[in-house]
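A short write-up of the structure that comes next.
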Amino acid sequence: MNPPIVISARNLTKTYGDLTAVDAVSFEVPAGESFGLLGPNGAGKSTTMKMIGGVSRRSSGTLSIMGLDPDNHGPEVRAHLGVVPQQDNLDEELRVRENLIVYGRYFGLPLSYLRPKADELLEFAQLTDKAKSKVDALSGGMKRRLTIARALINEPRILLLDEPTTGLDPQARHTLWDRLFRLKEQGVTLILTTHYMDEAEQLCDRLIVVDKGRIMAEGSPASLIREHSTREVLELRFGSERNAGIGVELQGIGERLEALPDRVLIYADDGEAALEQVTARGLRPLTSLVRRSSLEDVFLRLTGRSLVD
Amino acid sequence: MTRAHSPAVSAARARRWGSFFYAEQVLRVMRGYGWSVFLYSVGQPVAYLFAMGVGLASLVDANADAVFGVSYLSFIAPALLVSAAVMTASGEFSYPIMDGFKWRRVFFGPHASPLVPQQIAAGHIMAGTLRFLLQSLIYFAVVALFGASPSGWGWLSALVATLAALSFGLPLMAYASSLTKDSGQFALVQRFIVMPLFLFSGTFFPLDSLPLAVRWIGWISPVWHGTELGRVLTYGLEEPPLLTLAHLVFLVATASAGWVLTRRQFAKRMGS
């Protein structure tokens, strides 16, 4: 039996005056899936998240969360969710543990439940020894983990994460991913937006690539790469003067060629073979690198632009 | 380990009690600076009553009975009580609102929970009201200790002060929630609204002794209406019953209008 659909959007649209932030987007998310919205800043990811989170009304289309319309049943929809917003909005005047308890009270949860639950979540977020600290004494990564712990206080089956690791250092990101993996293993449905392709590849079972409010492609990370890119990519650098002009001399090597300001990308199933062809033509790149295709390449292919500007 | 109750229960409780849940949060934050709230509540009346009611009164009291019908201390005590509550409200309903929407965005945390924006506004007001009431009761206790409230109904002036605080504070909160950036508006409110209201609301001398050109400030001032009501309660100021009623109506009407506008602003600001 297929897991039930927990989120369903049909032609979901949000306009602000003349600007269409989200343009007739449709998708469905089954329970337990880890679903990502990948796209550059301003693609409409956060706006979509706000509509799913029941804090922003849609302009048109239909949206259903656990069978409920968030525009009509805001409190009921939000009671199902855990939300990790893009900007932390912890209560800096309260201590770490108190932040969790206060948040739980918004769900009408009794203190007899909240006290042990807060301790359990602090353990999960690796913040037990910070329980009595002031929030402003925490590092960026710790604040993020506390925000995630706070979002879990009501034991939600759906967790919304808006750019969960933006602004964190690599180690803090890995710690956070590890925590999110554990939630995924527990069957929590994760909806996350990101403009980091590695994050999308690590965490998402399936994702939509969005740009300018529209869905450009949909699928698992592996299937998107298979469909829209080659197996490998050869990255060449000829120096910033020559990268743009060298395209002509590289014609015919690999399946496709992309000349960026800082480097030239040659899409080929066998990167090493492509490199041999380059050197056989007497061209001497300053550096060369063969790597596997990533979602970044998919995005570049679909939109002609990089994810991170 | 016990499990959380179902989302349906969460939503039902939030719909019913959400304002109280948010008030609880604000009170927890206030507890963090509880001592300064308490000392302010006690220290301010003691200092003012001593300076004005005892020091200044020694000059004024020679004519006091003729002018005010009571000692100068009794005359200004209700005014100081009301002014203190209004000043506290001018703090509680200005910067924290900007903080909630813009600086630390604390309103947006509960906004993602089952609470609705109107409940966040209501909770903030409820916690503030409790603070004004406690402060006013303490203030009144000090006034009573100074022997400045001869009437047995005097303690009701603490309720009047709380109402005056809302009458001034809720329209201010509506204004504060409409601001998207701070360019010193609250400092202007303090200097050009709160201070004149304090000085020209029949606080230190009867409103009648002012020329008509500035007397109107009193008529539109929650401080004046609250103070006159307080005087009726603490020492039985004689005025037409209709005027007493008008004070009460003014305070309730401005507070209600402020609440309606605040609700609207919160809903608009948080997109619901």
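We label chains A, B, ... in the order they appear in the structure tokens, count residues from 1 in each chain, and number ligands from 1 in the order shown.
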Mind checking DSSP for range 124-297 of chain A and telling me the strand (DSSP E) residues as a ChimeraX atom specification? /A:158-162,189-194,206-211,214-219,232-237,256-259,264-268,287-292
Should the cut-off be 6 Å, what would the residue list for chain A against chain B look like, counting only C-alpha atoms, as a PyMOL selection string? chain A and resi 56+75-76+78-80+89+106-108+154
Just the residues within 10 Å of range 137-143 of chain B, please, counting only C-alpha atoms, with nothing from its chain fewer than 5 positions along; format it as a PyMOL selection string. chain B and resi 38+40-46+49+73-74+77-78+80-82+84-85+131-132+148-149+154-159+161-162+234
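For range 196-211 of chain B, the non-local neighbours within 7 Å, defined as residues at least 3 positions apart in the same chain or in other chains and counting only C-alpha atoms, are Ile76, Ala79, Ser83, Phe192, Ile193, Val214, Arg215, Ile217, Gly218, Ser221, Val223 and Trp224 of chain B.
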Output for the residues just chosen: N, CA and C atoms as a PDB file, in the first residue's frame:
```pdb
ATOM      1  N   ILE B  76      -2.535  65.328  44.301  1.00  0.00           N
ATOM      2  CA  ILE B  76      -1.687  64.818  43.209  1.00  0.00           C
ATOM      3  C   ILE B  76      -1.521  63.289  43.223  1.00  0.00           C
ATOM      4  N   ALA B  79      -3.182  61.453  40.426  1.00  0.00           N
ATOM      5  CA  ALA B  79      -2.591  61.867  39.150  1.00  0.00           C
ATOM      6  C   ALA B  79      -1.272  61.148  38.911  1.00  0.00           C
ATOM      7  N   SER B  83      -0.474  58.589  35.947  1.00  0.00           N
ATOM      8  CA  SER B  83       0.645  58.919  35.050  1.00  0.00           C
ATOM      9  C   SER B  83       1.665  57.793  35.010  1.00  0.00           C
ATOM     10  N   PHE B 192       6.926  64.302  22.965  1.00  0.00           N
ATOM     11  CA  PHE B 192       5.892  65.249  22.525  1.00  0.00           C
ATOM     12  C   PHE B 192       4.466  64.802  22.799  1.00  0.00           C
ATOM     13  N   ILE B 193       4.293  63.588  23.279  1.00  0.00           N
ATOM     14  CA  ILE B 193       2.939  63.166  23.654  1.00  0.00           C
ATOM     15  C   ILE B 193       2.874  62.810  25.139  1.00  0.00           C
ATOM     16  N   VAL B 214      -4.537  75.606  25.887  1.00  0.00           N
ATOM     17  CA  VAL B 214      -3.908  74.316  26.156  1.00  0.00           C
ATOM     18  C   VAL B 214      -4.810  73.372  26.957  1.00  0.00           C
ATOM     19  N   ARG B 215      -5.951  73.887  27.393  1.00  0.00           N
ATOM     20  CA  ARG B 215      -6.815  73.053  28.235  1.00  0.00           C
ATOM     21  C   ARG B 215      -7.320  71.809  27.486  1.00  0.00           C
ATOM     22  N   ILE B 217      -5.785  69.861  25.724  1.00  0.00           N
ATOM     23  CA  ILE B 217      -4.886  68.711  25.858  1.00  0.00           C
ATOM     24  C   ILE B 217      -5.420  67.766  26.924  1.00  0.00           C
ATOM     25  N   GLY B 218      -5.920  68.347  28.012  1.00  0.00           N
ATOM     26  CA  GLY B 218      -6.494  67.536  29.081  1.00  0.00           C
ATOM     27  C   GLY B 218      -7.706  66.750  28.609  1.00  0.00           C
ATOM     28  N   SER B 221      -6.865  63.693  26.932  1.00  0.00           N
ATOM     29  CA  SER B 221      -5.786  62.962  27.594  1.00  0.00           C
ATOM     30  C   SER B 221      -6.302  61.851  28.503  1.00  0.00           C
ATOM     31  N   VAL B 223      -4.692  60.597  30.712  1.00  0.00           N
ATOM     32  CA  VAL B 223      -4.178  60.914  32.051  1.00  0.00           C
ATOM     33  C   VAL B 223      -5.190  61.777  32.812  1.00  0.00           C
ATOM     34  N   TRP B 224      -5.745  62.786  32.119  1.00  0.00           N
ATOM     35  CA  TRP B 224      -6.717  63.652  32.795  1.00  0.00           C
ATOM     36  C   TRP B 224      -7.971  62.874  33.186  1.00  0.00           C
TER      37      TRP B 224
END
```
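Using only C-alpha atoms, the protein and nucleic acid residues lying no more than 12 Å from Arg95 in chain A, apart from those fewer than 3 places from it along its own chain, are Leu90, Asp91, Glu92, Glu98, Asn99, Leu100, Ile101, Val102, Leu127, Lys130, Ala131, Lys132, Ser133, Lys134, Val135, Asp136, Ala137, Leu138, Lys143 and Leu146 of chain A; Arg28, Val29, Arg31 and Gly32 of chain B.
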Which residues, written as number ranges by chain, have at least one atom at most 12 Å from Gly245 in chain A, with only C-alpha atoms counted and residues fewer than 5 positions away on the same chain left out? A: 237-240, 250-251, 258-264
Using only C-alpha atoms: which of B:Leu130, B:Leu172, B:Val260, B:Val249 has the shortest distance to Tyr95 in chain B: B:Leu172
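The space separating CA of Met1 in chain A from CA of Gln186 in chain A comes to 18.8 Å.
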Going by DSSP on the backbone, which residues of range 111-294 of chain A come out as helix (DSSP H, G or I)? List them as an MDAnalysis selection string. chainID A and resid 111:124 128:130 135:137 140:151 170:185 197:203 221:228 247:250 271:280
Distance query Gly219 in chain A at most 12 Å, only C-alpha atoms, self and fewer than 6 positions along chain excluded, as a list in words: Phe27, Glu28, Val29, Ser34, Phe35, Gly36, Leu37, Leu38, Ala200, Glu201, Cys204, Asp205, Arg206, Leu207, Ile208, Val209, Ile225, Arg226, Glu227, His228, Leu295 and Val298 of chain A
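The interatomic distance for the pair CA of Leu68 in chain A and CA of His195 in chain A works out to 28.9 Å.
Computed from the coordinates, the CA of Pro85 in chain A to CA of Asn41 in chain A distance equals 14.9 Å.
Comparing the minimum interatomic distances between Leu302 in chain A and each of A:Arg150, A:Ser46, A:Gly39, A:Tyr267, counting only C-alpha atoms, we find that A:Gly39 sits nearest.
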